[in-house]
>>> print(open('work-v9.cif').read())   # mmCIF, C-alpha atoms
data_entry
#
loop_
_atom_site.label_atom_id
_atom_site.label_comp_id
_atom_site.auth_asym_id
_atom_site.auth_seq_id
_atom_site.Cartn_x
_atom_site.Cartn_y
_atom_site.Cartn_z
CA MET A 1 0.00 0.00 0.00
CA ALA A 2 1.14 3.49 -0.76
CA ASN A 3 1.44 6.39 1.67
CA LYS A 4 -2.04 7.57 0.73
CA MET A 5 -5.27 8.63 2.40
CA ALA A 6 -8.71 8.61 0.79
CA LEU A 7 -11.62 10.49 2.34
CA ILE A 8 -15.26 10.59 1.29
CA VAL A 9 -17.02 13.96 1.57
CA SER A 10 -20.72 13.19 1.33
CA SER A 11 -22.17 15.78 3.72
CA ASN A 12 -22.09 19.54 3.93
CA GLU A 13 -22.52 19.64 7.69
CA ILE A 14 -19.84 21.99 8.88
CA ASP A 15 -18.56 19.84 11.75
CA LYS A 16 -17.97 16.98 9.34
CA LEU A 17 -16.33 19.26 6.78
CA ILE A 18 -13.98 20.75 9.36
CA THR A 19 -12.98 17.26 10.50
CA ILE A 20 -12.38 16.05 6.95
CA PHE A 21 -10.34 19.09 5.93
CA ASN A 22 -8.37 18.89 9.17
CA PHE A 23 -7.43 15.29 8.32
CA ALA A 24 -6.70 16.17 4.70
CA LEU A 25 -4.38 19.03 5.63
CA GLY A 26 -2.75 16.97 8.36
CA GLY A 27 -2.19 14.04 5.98
CA ALA A 28 -0.74 16.28 3.28
CA SER A 29 1.52 17.89 5.90
CA MET A 30 2.81 14.44 6.82
CA GLY A 31 3.77 13.68 3.24
CA MET A 32 0.68 11.64 2.37
CA ASP A 33 -0.96 11.64 -1.01
CA VAL A 34 -4.53 12.70 -0.10
CA THR A 35 -7.64 12.29 -2.23
CA LEU A 36 -11.07 13.71 -1.36
CA PHE A 37 -14.00 12.08 -3.11
CA PHE A 38 -17.00 14.43 -3.10
CA SER A 39 -20.46 12.95 -3.34
CA PHE A 40 -23.99 14.24 -2.76
CA HIS A 41 -24.14 17.26 -0.44
CA GLY A 42 -20.35 17.34 -0.22
CA LEU A 43 -20.54 18.75 -3.76
CA GLU A 44 -22.18 21.93 -2.41
CA LEU A 45 -18.73 23.09 -1.35
CA LEU A 46 -17.44 22.82 -4.91
CA LYS A 47 -20.27 24.68 -6.65
CA LYS A 48 -19.39 27.90 -8.46
CA ASP A 49 -22.86 29.27 -7.83
CA LYS A 50 -23.14 29.59 -4.08
CA THR A 51 -26.42 31.45 -3.86
CA GLY A 52 -27.30 29.73 -0.61
CA ASP A 53 -24.95 28.52 2.09
CA SER A 54 -22.43 26.00 0.86
CA TYR A 55 -22.63 24.19 4.14
CA ALA A 56 -25.32 23.43 6.69
CA LYS A 57 -24.79 25.18 9.98
CA PRO A 58 -25.55 22.87 12.90
CA ASN A 59 -26.06 25.46 15.60
CA ARG A 60 -25.46 29.09 16.41
CA SER A 61 -22.71 28.59 18.97
CA LEU A 62 -20.51 26.79 16.44
CA GLU A 63 -21.32 29.46 13.88
CA LYS A 64 -20.24 32.15 16.34
CA MET A 65 -17.00 30.32 17.14
CA MET A 66 -16.20 29.93 13.47
CA ALA A 67 -16.40 33.68 12.98
CA HIS A 68 -13.39 34.03 15.29
CA PRO A 69 -10.20 34.74 13.29
CA LYS A 70 -8.35 31.80 14.84
CA PHE A 71 -10.63 29.41 12.95
CA PRO A 72 -9.71 29.13 9.27
CA SER A 73 -12.64 29.59 6.90
CA MET A 74 -13.66 26.71 4.63
CA ASP A 75 -12.35 28.74 1.68
CA LYS A 76 -8.96 29.01 3.38
CA MET A 77 -8.93 25.25 4.11
CA VAL A 78 -9.77 24.48 0.46
CA THR A 79 -7.02 26.83 -0.77
CA MET A 80 -4.44 25.31 1.55
CA CYS A 81 -5.43 21.78 0.54
CA LYS A 82 -4.88 22.69 -3.10
CA GLU A 83 -1.53 24.33 -2.33
CA MET A 84 -0.46 21.11 -0.65
CA GLY A 85 -1.52 18.88 -3.51
CA VAL A 86 -4.73 17.35 -2.12
CA ARG A 87 -6.69 15.90 -5.02
CA PHE A 88 -10.42 16.69 -5.35
CA ILE A 89 -12.58 14.21 -7.25
CA ALA A 90 -16.28 14.84 -7.88
CA CYS A 91 -18.56 11.80 -8.09
CA THR A 92 -20.34 11.69 -11.45
CA GLN A 93 -23.35 9.78 -10.13
CA SER A 94 -23.94 12.36 -7.39
CA MET A 95 -23.54 15.16 -9.94
CA GLU A 96 -26.39 13.59 -11.90
CA PHE A 97 -28.57 13.44 -8.81
CA MET A 98 -27.76 17.03 -7.90
CA GLY A 99 -28.23 18.28 -11.48
CA LEU A 100 -24.63 19.47 -11.78
CA THR A 101 -22.24 19.43 -14.72
CA ARG A 102 -18.46 19.84 -14.75
CA ASP A 103 -18.99 23.50 -15.66
CA ASP A 104 -20.99 24.07 -12.46
CA LEU A 105 -18.00 23.13 -10.35
CA LEU A 106 -15.04 25.26 -9.27
CA PRO A 107 -11.63 24.72 -10.90
CA VAL A 108 -10.36 23.22 -7.61
CA VAL A 109 -11.91 19.96 -8.85
CA ASP A 110 -9.14 17.88 -10.42
CA ASN A 111 -11.43 15.47 -12.17
CA VAL A 112 -14.87 13.91 -12.20
CA ALA A 113 -15.00 10.17 -11.83
CA GLY A 114 -17.00 7.14 -10.81
CA VAL A 115 -16.79 4.53 -8.13
CA ALA A 116 -14.01 2.49 -9.75
CA THR A 117 -11.65 5.45 -9.61
CA PHE A 118 -12.32 5.99 -5.94
CA LEU A 119 -12.06 2.30 -5.09
CA ALA A 120 -8.76 2.05 -6.94
CA GLU A 121 -7.46 4.94 -4.80
CA ALA A 122 -8.99 3.43 -1.65
CA GLU A 123 -7.50 0.02 -2.26
CA ASP A 124 -4.07 1.59 -2.51
CA SER A 125 -4.52 3.84 0.56
CA LYS A 126 -3.38 3.13 4.09
CA ILE A 127 -6.15 5.25 5.53
CA ASN A 128 -9.73 5.36 4.28
CA LEU A 129 -12.34 7.37 6.12
CA LEU A 130 -16.00 8.18 5.74
CA ILE A 131 -16.79 10.96 8.18
CA MET B 132 3.53 15.31 27.65
CA GLU B 133 6.25 17.14 29.49
CA ALA B 134 7.93 19.92 27.60
CA LYS B 135 11.65 19.55 27.18
CA GLY B 136 14.15 22.30 27.83
CA PRO B 137 16.32 24.24 27.77
CA ILE B 138 17.12 24.20 24.07
CA ASN B 139 20.63 25.18 23.08
CA VAL B 140 20.05 25.76 19.42
CA LYS B 141 19.55 28.85 17.33
CA ALA B 142 16.70 28.87 14.86
CA ASP B 143 17.41 29.80 11.24
CA VAL B 144 13.74 30.51 10.60
CA VAL B 145 10.92 31.44 13.01
CA LEU B 146 7.30 30.56 12.25
CA ASP B 147 4.69 32.44 14.23
CA ALA B 148 1.65 30.16 14.47
CA TYR B 149 0.38 31.79 17.66
CA GLY B 150 -3.41 31.91 17.71
CA LEU B 151 -3.79 29.23 15.05
CA ILE B 152 -5.56 25.98 15.78
CA CYS B 153 -4.75 22.45 14.65
CA PRO B 154 -3.82 21.52 11.93
CA MET B 155 -2.45 24.95 11.00
CA PRO B 156 0.78 24.87 13.07
CA ILE B 157 1.73 21.55 11.45
CA ALA B 158 0.54 22.53 7.97
CA LYS B 159 2.50 25.78 8.15
CA THR B 160 5.56 23.92 9.44
CA CYS B 161 5.36 21.71 6.38
CA GLN B 162 5.07 24.74 4.10
CA ALA B 163 7.95 26.53 5.85
CA PHE B 164 10.19 23.47 5.42
CA LYS B 165 9.71 23.60 1.68
CA GLU B 166 11.55 26.94 1.65
CA MET B 167 14.35 25.73 3.94
CA LYS B 168 17.58 23.86 3.34
CA VAL B 169 18.44 20.50 4.90
CA GLY B 170 20.21 21.10 8.22
CA GLN B 171 18.40 24.35 9.04
CA VAL B 172 16.39 24.73 12.23
CA LEU B 173 12.82 26.02 12.42
CA GLU B 174 11.27 27.46 15.57
CA VAL B 175 7.48 27.22 15.64
CA ILE B 176 5.62 29.43 18.10
CA ALA B 177 2.11 28.23 18.91
CA ASP B 178 -0.46 28.32 21.68
CA ASP B 179 -2.35 25.23 20.52
CA GLU B 180 -1.41 22.59 23.09
CA GLY B 181 -1.69 19.88 20.44
CA ILE B 182 1.72 20.90 19.15
CA VAL B 183 3.38 19.25 22.16
CA THR B 184 2.58 15.77 20.82
CA ASP B 185 1.93 16.67 17.18
CA MET B 186 5.36 18.07 16.43
CA PRO B 187 7.39 15.00 17.54
CA ASN B 188 4.91 12.75 15.72
CA TRP B 189 5.08 14.87 12.58
CA CYS B 190 8.88 14.70 12.73
CA SER B 191 9.01 10.92 13.15
CA THR B 192 6.58 10.42 10.26
CA THR B 193 8.33 12.80 7.89
CA GLY B 194 11.87 11.83 8.93
CA ASN B 195 12.82 15.21 10.37
CA GLU B 196 14.55 15.80 13.69
CA PHE B 197 12.53 16.93 16.70
CA ILE B 198 14.93 18.91 18.87
CA GLY B 199 12.55 19.86 21.65
CA ILE B 200 9.83 22.14 22.89
CA VAL B 201 9.75 24.76 25.61
CA GLN B 202 6.77 26.48 27.17
CA GLU B 203 6.76 30.16 28.08
CA ASP B 204 3.46 31.28 29.58
CA ASP B 205 0.83 30.29 27.01
CA GLU B 206 3.37 29.98 24.20
CA TYR B 207 5.02 26.80 23.03
CA HIS B 208 8.31 27.08 21.15
CA ALA B 209 9.02 23.94 19.18
CA PHE B 210 12.40 23.44 17.51
CA VAL B 211 12.76 21.13 14.53
CA ARG B 212 15.65 20.48 12.19
CA LYS B 213 15.05 19.72 8.56
CA THR B 214 16.79 16.39 7.96
CA ALA B 215 14.53 14.85 5.33
CA ASP B 216 14.47 15.81 1.69
CA ASP B 217 11.40 17.54 0.30
CA LYS B 218 9.99 14.37 -1.22
CA LYS B 219 9.27 13.03 2.22
CA THR B 220 8.11 16.32 3.66
CA CYS B 221 4.97 16.99 1.69
CA GLU B 222 6.60 18.01 -1.56
CA ARG B 223 4.07 16.96 -4.11
CA PRO B 224 3.42 18.62 -7.42
CA PRO B 225 0.16 20.53 -7.46
CA CYS B 226 -2.37 18.56 -9.48
CA ASN B 227 -4.45 20.15 -12.20
#
>>> encode(input="work-v9.cif", output="structure tokens")
Amino acid sequence: MANKMALIVSSNEIDKLITIFNFALGGASMGMDVTLFFSFHGLELLKKDKTGDSYAKPNRSLEKMMAHPKFPSMDKMVTMCKEMGVRFIACTQSMEFMGLTRDDLLPVVDNVAGVATFLAEAEDSKINLLI
Amino acid sequence: MEAKGPINVKADVVLDAYGLICPMPIAKTCQAFKEMKVGQVLEVIADDEGIVTDMPNWCSTTGNEFIGIVQEDDEYHAFVRKTADDKKTCERPPCN
């Protein structure tokens, strides 16, 4: 197995997103090859057109804490992940369900792919997480 | 974990990660190392207590040398020497 980590991003609940991006940044910092596979509501984060909120806020106290400058914004986490070579894959099946095309997604997406691509990555990864 | 000290080493580069929460001190350490030469010492200043165990673990995983950590009030000063080449320390080409 390679020094890789594969994470599934299927929710846009902010506590899950923070956890996933924390792991992704940590893994990349430790020299791991990290892949995030975005499905269903995880795709909200990658949409160009963010007319609504790109993530679901669980409660007001967490929202208030996140406004504090010591907490990096999701945009900052995404930017840092890209700087550190984390790969973003969007699930084609979920895109169909959500009515999205490749053009609806931000350029941070490296490619769109199906389950075989993810499983090939997962099979080769030391760490696989669904959070 | 008990903080080690005193540290008799002079840092070549200082990274101020004070006020940043995990994983930022580690992520920024990784980014700072990319700009440094093998053999140079980085001092990371942070107030996130996680750095006390994270920094030695990050070093052992990436093959860099953990020199030690000292605490001054609410600040932790971690000293690490770059001993691994960039391939091991998160040097990956950005993917398009």
>>> atom_distance(input="work-v9.cif", atom1="atom CA of Phe97 of chain A", atom2="atom CA of Lys16 of chain A")
21.3 Å
>>> resolve_selection(input="work-v9.cif", expression="the PyMOL selection byres ((chain A) within 8 of (chain B))", output="list in words")
Asn22, Leu25, Gly26, Ala28, Ser29, Met30, Gly31, Met32, Asp33, Lys70, Phe71, Lys82, Glu83, Met84, Gly85, Val86, Arg87 and Asp110 of chain A
>>> resolve_selection(input="work-v9.cif", expression="the PyMOL selection byres ((chain A and resi 2) around 8)", output="list of chain:residue names")
A:Met1, A:Asn3, A:Lys4, A:Asp124, A:Ser125, A:Lys126
>>> axis_aligned_box(input="work-v9.cif", around="segment 36-52 of chain A", padding_each_side="6 Å", output="JSON")
{"center_x": -19.2, "center_y": 21.8, "center_z": -4.3, "size_x": 28.2, "size_y": 31.4, "size_z": 20.2}
>>> closest_residue(input="work-v9.cif", among="A:Thr19, A:Thr51, A:Ser10, A:Thr35", to="Ser94 of chain A", atoms="only C-alpha atoms")
A:Ser10
>>> atom_distance(input="work-v9.cif", atom1="atom CA of Phe118 of chain A", atom2="atom CA of Leu100 of chain A")
19.2 Å
>>> atom_distance(input="work-v9.cif", atom1="atom CA of Met66 of chain A", atom2="atom CA of Ile182 of chain B")
20.9 Å
>>> residues_around(input="work-v9.cif", residues="segment 163-178 of chain B", least_positions_apart="2", cutoff="6 Å", atoms="all atoms listed in the file", output="PDB file with C-alpha atoms, in the coordinates of the input")
ATOM      1  CA  ALA B 142      16.700  28.870  14.860  1.00  0.00           C
ATOM      2  CA  ASP B 143      17.410  29.800  11.240  1.00  0.00           C
ATOM      3  CA  VAL B 144      13.740  30.510  10.600  1.00  0.00           C
ATOM      4  CA  VAL B 145      10.920  31.440  13.010  1.00  0.00           C
ATOM      5  CA  LEU B 146       7.300  30.560  12.250  1.00  0.00           C
ATOM      6  CA  ASP B 147       4.690  32.440  14.230  1.00  0.00           C
ATOM      7  CA  ALA B 148       1.650  30.160  14.470  1.00  0.00           C
ATOM      8  CA  TYR B 149       0.380  31.790  17.660  1.00  0.00           C
ATOM      9  CA  LYS B 159       2.500  25.780   8.150  1.00  0.00           C
ATOM     10  CA  THR B 160       5.560  23.920   9.440  1.00  0.00           C
ATOM     11  CA  CYS B 161       5.360  21.710   6.380  1.00  0.00           C
ATOM     12  CA  GLU B 180      -1.410  22.590  23.090  1.00  0.00           C
ATOM     13  CA  ASP B 205       0.830  30.290  27.010  1.00  0.00           C
ATOM     14  CA  GLU B 206       3.370  29.980  24.200  1.00  0.00           C
ATOM     15  CA  TYR B 207       5.020  26.800  23.030  1.00  0.00           C
ATOM     16  CA  HIS B 208       8.310  27.080  21.150  1.00  0.00           C
ATOM     17  CA  ALA B 209       9.020  23.940  19.180  1.00  0.00           C
ATOM     18  CA  PHE B 210      12.400  23.440  17.510  1.00  0.00           C
ATOM     19  CA  VAL B 211      12.760  21.130  14.530  1.00  0.00           C
ATOM     20  CA  ARG B 212      15.650  20.480  12.190  1.00  0.00           C
ATOM     21  CA  LYS B 213      15.050  19.720   8.560  1.00  0.00           C
ATOM     22  CA  THR B 214      16.790  16.390   7.960  1.00  0.00           C
TER      23      THR B 214
END
>>> resolve_selection(input="work-v9.cif", expression="the PyMOL selection byres ((chain A and resi 55) around 10)", output="JSON, numbers by chain")
{"A": [11, 12, 13, 14, 15, 17, 41, 42, 43, 44, 45, 50, 52, 53, 54, 56, 57, 58, 74]}
>>> residues_around(input="work-v9.cif", residues="Glu121 of chain A", least_positions_apart="6", cutoff="10 Å", atoms="all atoms listed in the file", output="list in words")
Ala2, Lys4, Met5, Ala6, Leu7, Val34, Thr35, Phe37, Val115 and Asn128 of chain A
>>> closest_residue(input="work-v9.cif", among="A:Leu62, A:Leu130, A:Ala24, A:Met95", to="Thr79 of chain A", atoms="only C-alpha atoms")
A:Ala24
>>> closest_residue(input="work-v9.cif", among="A:Cys91, A:Met98, A:Ala122, A:Met65", to="Ser39 of chain A", atoms="all atoms listed in the file")
A:Cys91
>>> build_atoms(input="work-v9.cif", residues="segment 37-67 of chain A", atoms="N, CA and C atoms", output="PDB file, keeping the file's coordinate frame")
ATOM      1  N   PHE A  37     -12.987  12.480  -2.136  1.00  0.00           N
ATOM      2  CA  PHE A  37     -14.000  12.080  -3.110  1.00  0.00           C
ATOM      3  C   PHE A  37     -15.329  12.712  -2.683  1.00  0.00           C
ATOM      4  N   PHE A  38     -15.798  13.672  -3.468  1.00  0.00           N
ATOM      5  CA  PHE A  38     -17.000  14.430  -3.100  1.00  0.00           C
ATOM      6  C   PHE A  38     -18.244  13.805  -3.708  1.00  0.00           C
ATOM      7  N   SER A  39     -19.191  13.472  -2.834  1.00  0.00           N
ATOM      8  CA  SER A  39     -20.460  12.950  -3.340  1.00  0.00           C
ATOM      9  C   SER A  39     -21.606  13.717  -2.685  1.00  0.00           C
ATOM     10  N   PHE A  40     -22.774  13.597  -3.263  1.00  0.00           N
ATOM     11  CA  PHE A  40     -23.990  14.240  -2.760  1.00  0.00           C
ATOM     12  C   PHE A  40     -23.776  15.633  -2.181  1.00  0.00           C
ATOM     13  N   HIS A  41     -24.179  15.878  -0.946  1.00  0.00           N
ATOM     14  CA  HIS A  41     -24.140  17.260  -0.440  1.00  0.00           C
ATOM     15  C   HIS A  41     -22.714  17.785  -0.244  1.00  0.00           C
ATOM     16  N   GLY A  42     -21.745  16.883  -0.260  1.00  0.00           N
ATOM     17  CA  GLY A  42     -20.350  17.340  -0.220  1.00  0.00           C
ATOM     18  C   GLY A  42     -20.049  18.213  -1.427  1.00  0.00           C
ATOM     19  N   LEU A  43     -20.769  17.979  -2.526  1.00  0.00           N
ATOM     20  CA  LEU A  43     -20.540  18.750  -3.760  1.00  0.00           C
ATOM     21  C   LEU A  43     -20.916  20.226  -3.605  1.00  0.00           C
ATOM     22  N   GLU A  44     -21.761  20.528  -2.614  1.00  0.00           N
ATOM     23  CA  GLU A  44     -22.180  21.930  -2.410  1.00  0.00           C
ATOM     24  C   GLU A  44     -20.955  22.841  -2.265  1.00  0.00           C
ATOM     25  N   LEU A  45     -19.941  22.313  -1.612  1.00  0.00           N
ATOM     26  CA  LEU A  45     -18.730  23.090  -1.350  1.00  0.00           C
ATOM     27  C   LEU A  45     -17.985  23.451  -2.636  1.00  0.00           C
ATOM     28  N   LEU A  46     -18.196  22.654  -3.667  1.00  0.00           N
ATOM     29  CA  LEU A  46     -17.440  22.820  -4.910  1.00  0.00           C
ATOM     30  C   LEU A  46     -18.207  23.583  -5.984  1.00  0.00           C
ATOM     31  N   LYS A  47     -19.450  23.988  -5.644  1.00  0.00           N
ATOM     32  CA  LYS A  47     -20.270  24.680  -6.650  1.00  0.00           C
ATOM     33  C   LYS A  47     -19.774  26.110  -6.865  1.00  0.00           C
ATOM     34  N   LYS A  48     -19.733  26.507  -8.141  1.00  0.00           N
ATOM     35  CA  LYS A  48     -19.390  27.900  -8.460  1.00  0.00           C
ATOM     36  C   LYS A  48     -20.480  28.830  -7.945  1.00  0.00           C
ATOM     37  N   ASP A  49     -21.716  28.423  -8.168  1.00  0.00           N
ATOM     38  CA  ASP A  49     -22.860  29.270  -7.830  1.00  0.00           C
ATOM     39  C   ASP A  49     -23.295  28.977  -6.397  1.00  0.00           C
ATOM     40  N   LYS A  50     -22.776  29.811  -5.488  1.00  0.00           N
ATOM     41  CA  LYS A  50     -23.140  29.590  -4.080  1.00  0.00           C
ATOM     42  C   LYS A  50     -24.165  30.638  -3.684  1.00  0.00           C
ATOM     43  N   THR A  51     -25.383  30.477  -4.192  1.00  0.00           N
ATOM     44  CA  THR A  51     -26.420  31.450  -3.860  1.00  0.00           C
ATOM     45  C   THR A  51     -26.879  31.261  -2.420  1.00  0.00           C
ATOM     46  N   GLY A  52     -26.942  29.993  -2.005  1.00  0.00           N
ATOM     47  CA  GLY A  52     -27.300  29.730  -0.610  1.00  0.00           C
ATOM     48  C   GLY A  52     -26.019  29.486   0.170  1.00  0.00           C
ATOM     49  N   ASP A  53     -26.143  28.872   1.322  1.00  0.00           N
ATOM     50  CA  ASP A  53     -24.950  28.520   2.090  1.00  0.00           C
ATOM     51  C   ASP A  53     -24.373  27.244   1.499  1.00  0.00           C
ATOM     52  N   SER A  54     -23.032  27.192   1.430  1.00  0.00           N
ATOM     53  CA  SER A  54     -22.430  26.000   0.860  1.00  0.00           C
ATOM     54  C   SER A  54     -22.319  24.895   1.907  1.00  0.00           C
ATOM     55  N   TYR A  55     -22.614  25.237   3.133  1.00  0.00           N
ATOM     56  CA  TYR A  55     -22.630  24.190   4.140  1.00  0.00           C
ATOM     57  C   TYR A  55     -23.778  24.426   5.114  1.00  0.00           C
ATOM     58  N   ALA A  56     -24.228  23.347   5.730  1.00  0.00           N
ATOM     59  CA  ALA A  56     -25.320  23.430   6.690  1.00  0.00           C
ATOM     60  C   ALA A  56     -24.756  23.783   8.054  1.00  0.00           C
ATOM     61  N   LYS A  57     -25.294  24.785   8.660  1.00  0.00           N
ATOM     62  CA  LYS A  57     -24.790  25.180   9.980  1.00  0.00           C
ATOM     63  C   LYS A  57     -25.564  24.428  11.059  1.00  0.00           C
ATOM     64  N   PRO A  58     -24.846  23.692  11.913  1.00  0.00           N
ATOM     65  CA  PRO A  58     -25.550  22.870  12.900  1.00  0.00           C
ATOM     66  C   PRO A  58     -26.178  23.666  14.034  1.00  0.00           C
ATOM     67  N   ASN A  59     -25.479  24.659  14.522  1.00  0.00           N
ATOM     68  CA  ASN A  59     -26.060  25.460  15.600  1.00  0.00           C
ATOM     69  C   ASN A  59     -25.356  26.810  15.676  1.00  0.00           C
ATOM     70  N   ARG A  60     -25.961  27.715  16.417  1.00  0.00           N
ATOM     71  CA  ARG A  60     -25.460  29.090  16.410  1.00  0.00           C
ATOM     72  C   ARG A  60     -24.154  29.249  17.171  1.00  0.00           C
ATOM     73  N   SER A  61     -23.940  28.415  18.189  1.00  0.00           N
ATOM     74  CA  SER A  61     -22.710  28.590  18.970  1.00  0.00           C
ATOM     75  C   SER A  61     -21.478  28.225  18.129  1.00  0.00           C
ATOM     76  N   LEU A  62     -21.621  27.179  17.322  1.00  0.00           N
ATOM     77  CA  LEU A  62     -20.510  26.790  16.440  1.00  0.00           C
ATOM     78  C   LEU A  62     -20.281  27.861  15.377  1.00  0.00           C
ATOM     79  N   GLU A  63     -21.388  28.400  14.879  1.00  0.00           N
ATOM     80  CA  GLU A  63     -21.320  29.460  13.880  1.00  0.00           C
ATOM     81  C   GLU A  63     -20.566  30.673  14.441  1.00  0.00           C
ATOM     82  N   LYS A  64     -20.875  31.000  15.689  1.00  0.00           N
ATOM     83  CA  LYS A  64     -20.240  32.150  16.340  1.00  0.00           C
ATOM     84  C   LYS A  64     -18.739  31.892  16.532  1.00  0.00           C
ATOM     85  N   MET A  65     -18.415  30.665  16.943  1.00  0.00           N
ATOM     86  CA  MET A  65     -17.000  30.320  17.140  1.00  0.00           C
ATOM     87  C   MET A  65     -16.229  30.402  15.833  1.00  0.00           C
ATOM     88  N   MET A  66     -16.886  29.949  14.760  1.00  0.00           N
ATOM     89  CA  MET A  66     -16.200  29.930  13.470  1.00  0.00           C
ATOM     90  C   MET A  66     -15.895  31.319  12.943  1.00  0.00           C
ATOM     91  N   ALA A  67     -16.643  32.300  13.434  1.00  0.00           N
ATOM     92  CA  ALA A  67     -16.400  33.680  12.980  1.00  0.00           C
ATOM     93  C   ALA A  67     -15.125  34.234  13.599  1.00  0.00           C
TER      94      ALA A  67
END
